[in-house]
$ cat structure_3.csv   # CSV, C-alpha atoms and all ligand atoms
chain,number,residue,atom,x,y,z
A,1395,MET,CA,96.1,136.8,98.9
A,1396,LEU,CA,99.2,137.3,96.7
A,1397,GLY,CA,98.7,135.7,93.2
A,1398,LEU,CA,95.4,135.6,91.4
A,1399,GLY,CA,96.0,132.9,88.9
A,1400,ASP,CA,93.4,130.1,88.7
A,1401,MET,CA,94.2,128.7,92.1
A,1402,GLY,CA,94.8,131.9,94.0
A,1403,SER,CA,91.5,133.3,92.6
A,1404,ALA,CA,89.7,130.2,93.7
A,1405,LEU,CA,91.2,130.4,97.2
A,1406,ALA,CA,90.4,134.1,97.5
A,1407,ALA,CA,86.8,133.6,96.2
A,1408,ARG,CA,86.2,130.9,98.8
A,1409,LEU,CA,87.3,133.2,101.6
A,1410,VAL,CA,85.0,136.0,100.3
A,1411,ASP,CA,82.1,133.4,100.1
A,1412,THR,CA,82.7,132.3,103.7
A,1413,GLY,CA,82.7,135.9,105.0
A,1414,HIS,CA,86.4,136.4,105.6
A,1415,PRO,CA,87.9,139.9,104.8
A,1416,VAL,CA,90.3,139.4,101.9
A,1417,THR,CA,92.8,141.8,100.4
A,1418,VAL,CA,94.1,140.7,97.0
A,1419,TRP,CA,97.1,141.5,94.9
A,1420,ASN,CA,98.4,140.3,91.5
A,1421,ARG,CA,101.5,141.2,89.6
A,1422,THR,CA,99.5,141.8,86.4
A,1423,PRO,CA,96.7,144.3,87.0
A,1424,GLY,CA,93.1,143.4,86.2
A,1425,ARG,CA,93.0,139.8,87.5
A,1426,ASP,CA,91.5,141.1,90.7
A,1427,LYS,CA,88.4,142.5,89.1
A,1428,PRO,CA,86.0,139.5,89.6
A,1429,LEU,CA,87.1,139.3,93.3
A,1430,ILE,CA,86.6,143.0,93.9
A,1431,GLU,CA,83.1,142.7,92.4
A,1432,VAL,CA,82.2,140.2,95.1
A,1433,GLY,CA,83.7,142.1,98.0
A,1434,ALA,CA,87.5,141.6,98.1
A,1435,GLU,CA,89.7,144.7,98.8
A,1436,ALA,CA,92.3,145.5,96.1
A,1437,ALA,CA,95.9,146.3,97.1
A,1438,ALA,CA,97.8,148.5,94.7
A,1439,THR,CA,101.2,147.1,95.8
A,1440,VAL,CA,102.6,144.0,97.5
A,1441,ALA,CA,103.6,146.3,100.4
A,1442,ASP,CA,100.0,147.4,100.8
A,1443,ALA,CA,98.8,143.8,100.6
A,1444,ILE,CA,101.1,142.4,103.2
A,1445,THR,CA,100.2,145.0,105.8
A,1446,ALA,CA,96.4,144.8,105.3
A,1447,GLN,CA,95.9,141.5,107.0
A,1448,PRO,CA,97.7,139.4,109.7
A,1449,LEU,CA,97.8,136.3,107.5
A,1450,ILE,CA,99.5,136.5,104.1
A,1451,VAL,CA,98.9,133.7,101.6
A,1452,ALA,CA,101.1,133.4,98.5
A,1453,CYS,CA,99.9,131.3,95.6
A,1454,LEU,CA,102.4,132.1,92.9
A,1455,LEU,CA,103.9,130.2,90.0
A,1456,ARG,CA,107.1,128.8,91.6
A,1457,HIS,CA,109.7,129.3,94.3
A,1458,LEU,CA,111.5,132.1,92.5
A,1459,SER,CA,108.2,134.0,92.1
A,1460,VAL,CA,107.8,134.0,95.9
A,1461,HIS,CA,111.3,135.6,96.4
A,1462,GLU,CA,110.7,138.1,93.6
A,1463,THR,CA,107.5,139.2,95.2
A,1464,LEU,CA,108.4,139.2,98.8
A,1465,ASP,CA,112.2,140.0,99.0
A,1466,PRO,CA,111.6,143.7,98.3
A,1467,VAL,CA,109.0,144.0,101.1
A,1468,VAL,CA,110.5,141.6,103.7
A,1469,ASP,CA,110.6,144.2,106.4
A,1470,GLY,CA,106.9,144.6,106.2
A,1471,LEU,CA,106.5,140.9,106.8
A,1472,ARG,CA,108.2,141.0,110.2
A,1473,GLY,CA,105.9,139.5,113.0
A,1474,ARG,CA,103.3,138.2,110.4
A,1475,THR,CA,102.4,134.8,109.2
A,1476,LEU,CA,103.1,133.7,105.7
A,1477,VAL,CA,101.4,130.6,104.2
A,1478,ASN,CA,103.0,129.6,101.0
A,1479,LEU,CA,100.8,127.5,98.7
A,1480,THR,CA,103.0,127.9,95.7
A,1481,THR,CA,104.3,124.5,94.5
A,1482,THR,CA,108.0,124.1,95.6
A,1483,THR,CA,110.4,121.3,96.1
A,1484,PRO,CA,110.9,120.3,99.7
A,1485,ASN,CA,114.3,122.0,99.8
A,1486,GLU,CA,112.8,125.2,98.3
A,1487,ALA,CA,110.2,125.1,101.1
A,1488,ARG,CA,112.9,124.7,103.7
A,1489,GLU,CA,114.9,127.5,102.2
A,1490,LEU,CA,111.8,129.8,102.4
A,1491,ALA,CA,111.2,128.7,106.0
A,1492,ALA,CA,114.8,129.6,106.9
A,1493,TRP,CA,114.5,132.9,105.0
A,1494,ALA,CA,111.3,133.6,106.9
A,1495,ALA,CA,112.8,132.7,110.3
A,1496,GLU,CA,115.7,135.1,109.5
A,1497,HIS,CA,113.2,137.9,109.1
A,1498,ASP,CA,111.0,137.0,112.1
A,1499,VAL,CA,108.2,135.7,109.9
A,1500,SER,CA,106.1,132.8,111.0
A,1501,TYR,CA,106.1,130.3,108.0
A,1502,LEU,CA,103.8,127.5,106.9
A,1503,ASP,CA,104.3,125.7,103.7
A,1504,GLY,CA,101.2,124.3,102.0
A,1505,ALA,CA,100.7,121.8,99.2
A,1506,ILE,CA,97.4,121.7,97.4
A,1507,MET,CA,96.0,118.4,96.3
A,1508,ALA,CA,93.1,119.7,94.2
A,1509,VAL,CA,92.2,121.7,91.1
A,1510,PRO,CA,90.6,125.1,91.5
A,1511,ASP,CA,87.0,123.9,91.1
A,1512,MET,CA,87.5,121.6,94.1
A,1513,ILE,CA,88.4,124.4,96.5
A,1514,GLY,CA,85.7,124.5,99.2
A,1515,SER,CA,84.9,120.8,99.0
A,1516,ARG,CA,86.0,118.1,101.4
A,1517,GLU,CA,87.6,116.1,98.6
A,1518,ALA,CA,90.1,118.8,98.2
A,1519,GLN,CA,93.1,118.3,100.4
A,1520,ILE,CA,95.8,120.7,101.5
A,1521,PHE,CA,98.9,119.5,103.4
A,1522,TYR,CA,100.7,122.0,105.7
A,1523,SER,CA,104.1,121.8,107.4
A,1524,GLY,CA,106.3,124.3,109.2
A,1525,SER,CA,104.9,126.4,112.0
A,1526,GLN,CA,102.4,124.4,114.0
A,1527,THR,CA,101.3,127.6,115.8
A,1528,ALA,CA,100.4,129.2,112.5
A,1529,PHE,CA,98.5,126.1,111.4
A,1530,GLU,CA,96.5,125.9,114.6
A,1531,GLN,CA,95.9,129.7,114.7
A,1532,HIS,CA,94.5,129.8,111.1
A,1533,ARG,CA,93.0,126.4,110.8
A,1534,ASP,CA,89.4,127.7,110.5
A,1535,ILE,CA,90.5,129.5,107.3
A,1536,PHE,CA,92.3,126.5,105.9
A,1537,ASP,CA,89.3,124.3,106.6
A,1538,THR,CA,87.1,126.5,104.4
A,1539,TRP,CA,89.3,125.6,101.4
A,1540,ALA,CA,89.9,121.9,101.9
A,1541,THR,CA,90.5,119.0,104.3
A,1542,SER,CA,93.6,120.3,106.1
A,1543,THR,CA,96.4,118.1,107.4
A,1544,PHE,CA,99.4,119.2,109.4
A,1545,ASP,CA,102.5,117.2,108.5
A,1546,GLY,CA,105.0,118.4,111.0
A,1547,ARG,CA,107.5,121.2,111.6
A,1548,ASP,CA,109.8,120.3,108.7
A,1549,ALA,CA,108.6,122.9,106.2
A,1550,GLY,CA,109.6,120.6,103.3
A,1551,MET,CA,107.3,117.7,104.4
A,1552,ALA,CA,104.0,118.9,102.8
A,1553,SER,CA,105.8,119.4,99.5
A,1554,LEU,CA,107.5,116.0,99.7
A,1555,ILE,CA,104.2,114.2,100.2
A,1556,ASP,CA,102.6,116.3,97.5
A,1557,LEU,CA,105.3,115.6,94.9
A,1558,ALA,CA,105.5,111.9,95.9
A,1559,MET,CA,101.7,111.6,95.3
A,1560,LEU,CA,102.1,113.4,92.0
A,1561,SER,CA,104.9,111.1,91.0
A,1562,GLY,CA,102.6,108.1,91.4
A,1563,MET,CA,99.8,109.9,89.6
A,1564,TYR,CA,101.9,110.9,86.5
A,1565,GLN,CA,103.5,107.4,86.3
A,1566,MET,CA,100.0,105.9,86.4
A,1567,PHE,CA,98.8,108.3,83.7
A,1568,ALA,CA,101.8,107.5,81.6
A,1569,GLY,CA,101.1,103.8,82.0
A,1570,PHE,CA,97.5,104.4,80.8
A,1571,ILE,CA,98.7,106.4,77.8
A,1572,HIS,CA,101.3,103.7,76.9
A,1573,GLY,CA,98.5,101.1,77.1
A,1574,ALA,CA,96.3,103.3,74.9
A,1575,ALA,CA,99.1,103.5,72.3
A,1576,MET,CA,99.5,99.7,72.3
A,1577,VAL,CA,95.8,99.0,71.6
A,1578,GLY,CA,95.7,102.1,69.4
A,1579,SER,CA,98.2,100.4,67.1
A,1580,GLU,CA,95.4,98.0,66.2
A,1581,GLY,CA,92.7,100.6,66.0
A,1582,MET,CA,91.1,100.5,69.5
A,1583,THR,CA,90.2,104.0,70.6
A,1584,ALA,CA,91.7,105.5,73.8
A,1585,THR,CA,88.1,106.0,74.9
A,1586,GLU,CA,87.2,102.4,74.7
A,1587,PHE,CA,90.5,101.5,76.4
A,1588,ALA,CA,89.8,103.9,79.2
A,1589,ALA,CA,86.4,102.3,79.8
A,1590,ARG,CA,88.0,98.8,79.8
A,1591,THR,CA,91.0,99.6,82.0
A,1592,THR,CA,89.6,101.9,84.6
A,1593,PRO,CA,87.9,99.2,86.7
A,1594,PHE,CA,90.9,97.0,86.5
A,1595,ILE,CA,93.5,99.7,87.5
A,1596,SER,CA,91.1,100.9,90.3
A,1597,ALA,CA,90.9,97.4,91.7
A,1598,MET,CA,94.7,97.1,91.5
A,1599,THR,CA,95.3,100.1,93.7
A,1600,ASN,CA,94.0,98.0,96.5
A,1601,GLY,CA,97.4,96.3,96.3
A,1602,PHE,CA,99.2,99.5,97.6
A,1603,ALA,CA,98.6,98.5,101.2
A,1604,GLY,CA,100.1,95.0,100.7
A,1605,TYR,CA,103.3,96.5,99.1
A,1606,ALA,CA,103.5,99.1,101.8
A,1607,GLU,CA,103.4,96.4,104.5
A,1608,VAL,CA,106.3,94.5,102.9
A,1609,ILE,CA,108.3,97.7,102.4
A,1610,ASP,CA,107.7,98.9,106.0
A,1611,GLY,CA,108.5,95.4,107.3
A,1612,GLY,CA,111.7,95.3,105.3
A,1613,ASP,CA,111.4,91.6,104.4
A,1614,TYR,CA,110.9,91.2,100.7
A,1615,ALA,CA,111.0,87.4,101.0
A,1616,VAL,CA,107.9,87.2,103.1
A,1617,PRO,CA,105.7,84.4,101.6
A,1618,GLY,CA,102.6,85.0,99.5
A,1619,GLN,CA,104.0,87.7,97.3
A,1620,GLN,CA,104.3,87.9,93.5
A,1621,SER,CA,108.0,87.3,92.9
A,1622,LEU,CA,110.2,89.5,90.8
A,1623,GLU,CA,110.8,86.7,88.4
A,1624,PHE,CA,107.1,86.2,88.0
A,1625,SER,CA,106.8,90.0,87.5
A,1626,ASP,CA,109.2,90.0,84.5
A,1627,LEU,CA,107.8,92.6,82.2
A,1628,SER,CA,109.9,91.7,79.2
A,1629,PRO,CA,107.0,90.1,77.3
A,1630,ILE,CA,105.0,93.3,77.6
A,1631,VAL,CA,108.1,95.4,76.6
A,1632,ARG,CA,108.5,93.0,73.5
A,1633,ALA,CA,104.8,93.2,72.6
A,1634,SER,CA,105.0,97.0,72.7
A,1635,ASP,CA,108.0,97.0,70.5
A,1636,GLU,CA,106.3,94.5,68.1
A,1637,GLN,CA,103.3,96.8,67.8
A,1638,GLY,CA,105.7,99.7,67.0
A,1639,VAL,CA,105.0,101.5,70.3
A,1640,ASN,CA,107.9,102.9,72.3
A,1641,PRO,CA,108.1,100.9,75.6
A,1642,ALA,CA,110.1,103.6,77.4
A,1643,THR,CA,107.7,104.0,80.4
A,1644,LEU,CA,107.5,100.2,81.0
A,1645,ALA,CA,111.2,99.6,80.2
A,1646,ALA,CA,112.1,101.8,83.1
A,1647,VAL,CA,110.2,99.6,85.5
A,1648,GLN,CA,111.6,96.4,83.9
A,1649,ALA,CA,115.1,97.8,84.4
A,1650,LEU,CA,114.5,98.2,88.1
A,1651,ILE,CA,113.1,94.6,88.2
A,1652,SER,CA,116.1,93.2,86.2
A,1653,ARG,CA,118.5,94.9,88.5
A,1654,GLN,CA,117.1,93.2,91.5
A,1655,ILE,CA,117.0,89.8,89.7
A,1656,ALA,CA,120.6,90.2,88.6
A,1657,ALA,CA,121.5,90.9,92.2
A,1658,GLY,CA,120.0,87.5,93.2
A,1659,HIS,CA,116.7,88.6,94.5
A,1660,GLY,CA,114.4,87.0,91.8
A,1661,SER,CA,112.4,84.9,94.2
A,1662,GLU,CA,111.6,87.9,96.4
A,1663,GLY,CA,108.6,90.2,96.0
A,1664,LEU,CA,108.1,93.0,93.4
A,1665,ALA,CA,108.2,95.5,96.3
A,1666,ARG,CA,112.0,95.0,96.3
A,1667,ILE,CA,112.4,97.5,93.5
A,1668,TYR,CA,112.0,100.0,96.3
A,1669,GLU,CA,115.7,99.1,97.0
A,1670,SER,CA,116.6,100.1,93.4
A,1671,LEU,CA,115.0,103.5,94.0
A,1672,ARG,CA,116.6,104.4,97.3
A,1673,ALA,CA,118.8,107.4,97.4
A,1674,ASP,CA,121.8,105.4,98.5
A,1675,ASP,CA,121.6,103.1,95.5
A,1676,ARG,CA,121.5,105.4,92.5
A,1677,THR,CA,123.9,103.7,90.2
A,1678,PHE,CA,121.6,102.0,87.7
A,1679,GLY,CA,121.5,103.8,84.4
A,1680,GLY,CA,122.1,107.1,86.2
A,1681,VAL,CA,118.6,106.9,87.5
A,1682,ALA,CA,118.2,104.3,90.2
B,1,LIG,N1,95.9,125.1,89.2
B,1,LIG,C1,96.0,123.9,89.7
B,1,LIG,O1,95.2,123.0,89.5
B,1,LIG,C2,97.2,123.5,90.6
B,1,LIG,C3,96.8,122.5,91.7
B,1,LIG,C4,97.9,122.2,92.6
B,1,LIG,C5,98.7,123.4,93.1
B,1,LIG,N2,99.0,124.3,92.0
B,1,LIG,C6,100.0,125.3,92.3
B,1,LIG,O2,99.4,126.6,92.7
B,1,LIG,C7,100.3,127.6,92.3
B,1,LIG,C8,99.5,128.6,91.5
B,1,LIG,O3,98.8,127.9,90.4
B,1,LIG,P1,97.8,128.6,89.5
B,1,LIG,O4,96.9,127.6,88.9
B,1,LIG,O5,97.1,129.7,90.2
B,1,LIG,O6,98.8,129.2,88.3
B,1,LIG,P2,98.5,130.3,87.3
B,1,LIG,O7,97.1,130.4,86.9
B,1,LIG,O8,99.5,130.1,86.2
B,1,LIG,O9,98.9,131.7,88.0
B,1,LIG,C9,100.2,131.9,88.4
B,1,LIG,C10,100.2,133.1,89.3
B,1,LIG,O10,101.6,133.4,89.7
B,1,LIG,C11,101.9,134.8,89.4
B,1,LIG,N3,103.3,134.9,89.1
B,1,LIG,C12,104.0,134.2,88.3
B,1,LIG,N4,105.3,134.6,88.3
B,1,LIG,C13,105.4,135.6,89.2
B,1,LIG,C14,106.4,136.5,89.6
B,1,LIG,N5,107.7,136.3,89.2
B,1,LIG,N6,106.1,137.5,90.5
B,1,LIG,C15,104.8,137.6,90.9
B,1,LIG,N7,103.8,136.9,90.5
B,1,LIG,C16,104.0,135.9,89.7
B,1,LIG,C17,101.0,135.1,88.2
B,1,LIG,O11,100.8,136.5,88.1
B,1,LIG,P3,100.5,137.1,86.6
B,1,LIG,O12,101.2,136.3,85.6
B,1,LIG,O13,99.1,137.1,86.5
B,1,LIG,O14,101.1,138.5,86.8
B,1,LIG,C18,99.7,134.4,88.6
B,1,LIG,O15,99.0,135.2,89.6
B,1,LIG,C19,101.4,127.0,91.4
B,1,LIG,O16,102.6,126.9,92.2
B,1,LIG,C20,100.8,125.6,91.1
B,1,LIG,O17,101.9,124.6,90.9
B,1,LIG,C21,97.9,124.7,91.2
$ encode --input "structure_3.csv" --output "structure tokens" --more "lines below"
Ligand code: FVH
Amino acid sequence: MLGLGDMGSALAARLVDTGHPVTVWNRTPGRDKPLIEVGAEAAATVADAITAQPLIVACLLRHLSVHETLDPVVDGLRGRTLVNLTTTTPNEARELAAWAAEHDVSYLDGAIMAVPDMIGSREAQIFYSGSQTAFEQHRDIFDTWATSTFDGRDAGMASLIDLAMLSGMYQMFAGFIHGAAMVGSEGMTATEFAARTTPFISAMTNGFAGYAEVIDGGDYAVPGQQSLEFSDLSPIVRASDEQGVNPATLAAVQALISRQIAAGHGSEGLARIYESLRADDRTFGGVA
């Protein structure tokens, strides 16, 4: 295990707990102490670490950290398997896969959908993509950490799904925080707002499947949907403004809606903003 930050330490600890031999290395000395106390082996150098076990797991800060750590020892990686659980973009994962292939290293990219405390529970999920052989060969280890899913041979896929899910999560959190600022302008606490809004937002997530059906079907005019005109968010944007609260998060959504209405699609469903977001249609405000 290369990298003993919060997540790397949790992954290594789980391996020790489940009886797997683990060799650990961290750039800054000392972070391996709790793991050594419970039975992990310490490696003094990256070169020592990568030759100690057939499976090498990297859980470092970012893409560049992986190169900084492994480029100098790449010859020692030849013929081994590298699982990279460091968060990267899809293209960074693909770049690492190509680099690994060039050096005869079997490469699997992983994306962790969990916080360190969740490691070892079924609620934790880790997505993998890249070498299917590596996934199948080491699946028993992966399953000790989380529910494991293989997302195909394109090494960038696990990262793409991870970042897409995080995009949804952060926009939802930003929406909550914007709402808290709106009611906060009249003195309601964010705590009360959270209690009031959680059941509502939770229920609304049931709508994902319906939007997905429309998007996948490609017919935004299918009957029974809430139309774009009906979804006009300008009263909410105005209310936010009137309360002295920056409507930036919501205004971004309204801009996507307005664009589709202006293009003559007002009677079609809200899911049509998918078209404003597609890569081939990035002219609106420099964003989408
Ligand atoms: N923690 C979490 O909840 C999230 C959940 C989702 C996935 N992430 C990703 O996991 C990667 C590691 O995250 P982490 O929480 O372990 O991060 P830190 O506690 O900040 O530890 C970072 C480790 O990376 C080492 N490191 C940083 N730069 C370098 C470098 N240039 N060369 C070698 N090692 C490097 C750092 O070492 P040190 O600072 O102690 O010397 C830590 O071991 C991350 O991609 C998350 O996005 C976790």
$ residues_near_ligand --input "structure_3.csv" --ligand "ligand LIG 1 (chain B)" --cutoff "6 Å" --atoms "only C-alpha atoms and all ligand atoms" --output "PyMOL selection string"
chain A and resi 1397-1402+1420-1422+1453-1456+1459+1462-1463+1480-1481+1506-1510
$ atom_distance --input "structure_3.csv" --atom1 "CA of Gly1658 (chain A)" --atom2 "CA of Phe1602 (chain A)"
24.4 Å
$ atom_distance --input "structure_3.csv" --atom1 "CA of Ala1645 (chain A)" --atom2 "CA of Ala1568 (chain A)"
12.4 Å
$ closest_residue --input "structure_3.csv" --among "A:Val1608, A:Gly1638, A:Phe1594, A:Ala1518" --to "Ala1575 (chain A)" --atoms "only C-alpha atoms"
A:Gly1638
$ closest_residue --input "structure_3.csv" --among "A:His1414, A:His1572, A:Arg1547, A:Arg1474" --to "Ala1487 (chain A)" --atoms "all atoms listed in the file"
A:Arg1547
$ residues_around --input "structure_3.csv" --residues "region 1622-1631 of chain A" --least-positions-apart "2" --cutoff "9 Å" --atoms "all atoms listed in the file" --output "VMD selection string"
chain A and resid 1620 1633 to 1636 1640 to 1642 1644 to 1645 1647 to 1648 1651 to 1652 1654 to 1655 1659 to 1667
$ write_last_selection --input "structure_3.csv" --atoms "C-alpha atoms" --output "mmCIF file, in the coordinates of the input"
data_model
loop_
_atom_site.group_PDB
_atom_site.id
_atom_site.type_symbol
_atom_site.label_atom_id
_atom_site.label_comp_id
_atom_site.auth_asym_id
_atom_site.auth_seq_id
_atom_site.Cartn_x
_atom_site.Cartn_y
_atom_site.Cartn_z
ATOM 1 C CA GLN A 1620 104.300 87.900 93.500
ATOM 2 C CA ALA A 1633 104.800 93.200 72.600
ATOM 3 C CA SER A 1634 105.000 97.000 72.700
ATOM 4 C CA ASP A 1635 108.000 97.000 70.500
ATOM 5 C CA GLU A 1636 106.300 94.500 68.100
ATOM 6 C CA ASN A 1640 107.900 102.900 72.300
ATOM 7 C CA PRO A 1641 108.100 100.900 75.600
ATOM 8 C CA ALA A 1642 110.100 103.600 77.400
ATOM 9 C CA LEU A 1644 107.500 100.200 81.000
ATOM 10 C CA ALA A 1645 111.200 99.600 80.200
ATOM 11 C CA VAL A 1647 110.200 99.600 85.500
ATOM 12 C CA GLN A 1648 111.600 96.400 83.900
ATOM 13 C CA ILE A 1651 113.100 94.600 88.200
ATOM 14 C CA SER A 1652 116.100 93.200 86.200
ATOM 15 C CA GLN A 1654 117.100 93.200 91.500
ATOM 16 C CA ILE A 1655 117.000 89.800 89.700
ATOM 17 C CA HIS A 1659 116.700 88.600 94.500
ATOM 18 C CA GLY A 1660 114.400 87.000 91.800
ATOM 19 C CA SER A 1661 112.400 84.900 94.200
ATOM 20 C CA GLU A 1662 111.600 87.900 96.400
ATOM 21 C CA GLY A 1663 108.600 90.200 96.000
ATOM 22 C CA LEU A 1664 108.100 93.000 93.400
ATOM 23 C CA ALA A 1665 108.200 95.500 96.300
ATOM 24 C CA ARG A 1666 112.000 95.000 96.300
ATOM 25 C CA ILE A 1667 112.400 97.500 93.500
#
$ closest_residue --input "structure_3.csv" --among "A:Thr1643, A:Gln1447, A:Ser1403, A:Gln1531" --to "Gln1565 (chain A)" --atoms "all atoms listed in the file"
A:Thr1643
$ atom_distance --input "structure_3.csv" --atom1 "CA of Ala1657 (chain A)" --atom2 "CA of Ala1615 (chain A)"
14.1 Å
$ closest_residue --input "structure_3.csv" --among "A:Ala1552, A:Pro1428, A:Thr1475, A:Gly1470" --to "Arg1488 (chain A)" --atoms "all atoms listed in the file"
A:Ala1552
$ closest_residue --input "structure_3.csv" --among "A:Ala1495, A:Ile1520, A:Thr1592, A:Gln1619" --to "Tyr1605 (chain A)" --atoms "all atoms listed in the file"
A:Gln1619
$ closest_residue --input "structure_3.csv" --among "A:Ala1549, A:Leu1479, A:Leu1409, A:Ala1434" --to "Asp1537 (chain A)" --atoms "only C-alpha atoms"
A:Leu1409
$ residues_around --input "structure_3.csv" --residues "Gly1524 (chain A)" --least-positions-apart "6" --cutoff "10 Å" --atoms "all atoms listed in the file" --output "list in words"
Val1477, Ala1487, Arg1488, Ala1491, Ser1500, Tyr1501, Leu1502, Asp1503, Gly1504, Phe1544, Asp1545, Gly1546, Arg1547, Asp1548, Ala1549, Gly1550, Met1551 and Ala1552 of chain A
$ decode --input "structure_3.csv" --residues "region 1469-1480 of chain A" --atoms "N, CA, C and O atoms" --output "PDB file, in the first residue's frame"
ATOM      1  N   ASP A1469      10.900   0.293 -13.380  1.00  0.00           N
ATOM      2  CA  ASP A1469      11.462  -1.003 -13.798  1.00  0.00           C
ATOM      3  C   ASP A1469      11.086  -2.111 -12.822  1.00  0.00           C
ATOM      4  O   ASP A1469      10.862  -3.250 -13.229  1.00  0.00           O
ATOM      5  N   GLY A1470      10.970  -1.757 -11.557  1.00  0.00           N
ATOM      6  CA  GLY A1470      10.595  -2.751 -10.543  1.00  0.00           C
ATOM      7  C   GLY A1470       9.132  -3.168 -10.626  1.00  0.00           C
ATOM      8  O   GLY A1470       8.723  -4.163 -10.038  1.00  0.00           O
ATOM      9  N   LEU A1471       8.346  -2.385 -11.356  1.00  0.00           N
ATOM     10  CA  LEU A1471       6.909  -2.700 -11.474  1.00  0.00           C
ATOM     11  C   LEU A1471       6.626  -3.725 -12.568  1.00  0.00           C
ATOM     12  O   LEU A1471       5.553  -4.319 -12.600  1.00  0.00           O
ATOM     13  N   ARG A1472       7.577  -3.897 -13.453  1.00  0.00           N
ATOM     14  CA  ARG A1472       7.386  -4.778 -14.619  1.00  0.00           C
ATOM     15  C   ARG A1472       6.823  -6.138 -14.207  1.00  0.00           C
ATOM     16  O   ARG A1472       7.308  -6.754 -13.256  1.00  0.00           O
ATOM     17  N   GLY A1473       5.737  -6.566 -14.857  1.00  0.00           N
ATOM     18  CA  GLY A1473       5.150  -7.884 -14.578  1.00  0.00           C
ATOM     19  C   GLY A1473       4.236  -7.902 -13.364  1.00  0.00           C
ATOM     20  O   GLY A1473       3.669  -8.940 -13.028  1.00  0.00           O
ATOM     21  N   ARG A1474       4.075  -6.755 -12.697  1.00  0.00           N
ATOM     22  CA  ARG A1474       3.215  -6.711 -11.500  1.00  0.00           C
ATOM     23  C   ARG A1474       1.890  -6.024 -11.817  1.00  0.00           C
ATOM     24  O   ARG A1474       1.678  -5.519 -12.912  1.00  0.00           O
ATOM     25  N   THR A1475       1.037  -6.009 -10.801  1.00  0.00           N
ATOM     26  CA  THR A1475      -0.275  -5.378 -10.977  1.00  0.00           C
ATOM     27  C   THR A1475      -0.347  -4.121 -10.108  1.00  0.00           C
ATOM     28  O   THR A1475      -0.057  -4.180  -8.908  1.00  0.00           O
ATOM     29  N   LEU A1476      -0.752  -3.029 -10.735  1.00  0.00           N
ATOM     30  CA  LEU A1476      -0.925  -1.764 -10.014  1.00  0.00           C
ATOM     31  C   LEU A1476      -2.406  -1.408  -9.990  1.00  0.00           C
ATOM     32  O   LEU A1476      -3.053  -1.316 -11.037  1.00  0.00           O
ATOM     33  N   VAL A1477      -2.930  -1.227  -8.785  1.00  0.00           N
ATOM     34  CA  VAL A1477      -4.303  -0.738  -8.629  1.00  0.00           C
ATOM     35  C   VAL A1477      -4.189   0.689  -8.098  1.00  0.00           C
ATOM     36  O   VAL A1477      -3.640   0.911  -7.014  1.00  0.00           O
ATOM     37  N   ASN A1478      -4.685   1.619  -8.885  1.00  0.00           N
ATOM     38  CA  ASN A1478      -4.563   3.012  -8.483  1.00  0.00           C
ATOM     39  C   ASN A1478      -5.897   3.536  -7.963  1.00  0.00           C
ATOM     40  O   ASN A1478      -6.835   3.736  -8.723  1.00  0.00           O
ATOM     41  N   LEU A1479      -5.957   3.765  -6.664  1.00  0.00           N
ATOM     42  CA  LEU A1479      -7.199   4.260  -6.045  1.00  0.00           C
ATOM     43  C   LEU A1479      -7.145   5.766  -5.799  1.00  0.00           C
ATOM     44  O   LEU A1479      -8.019   6.336  -5.152  1.00  0.00           O
ATOM     45  N   THR A1480      -6.099   6.386  -6.317  1.00  0.00           N
ATOM     46  CA  THR A1480      -5.979   7.841  -6.240  1.00  0.00           C
ATOM     47  C   THR A1480      -7.034   8.473  -7.144  1.00  0.00           C
ATOM     48  O   THR A1480      -7.237   8.001  -8.262  1.00  0.00           O
TER      49      THR A1480
END
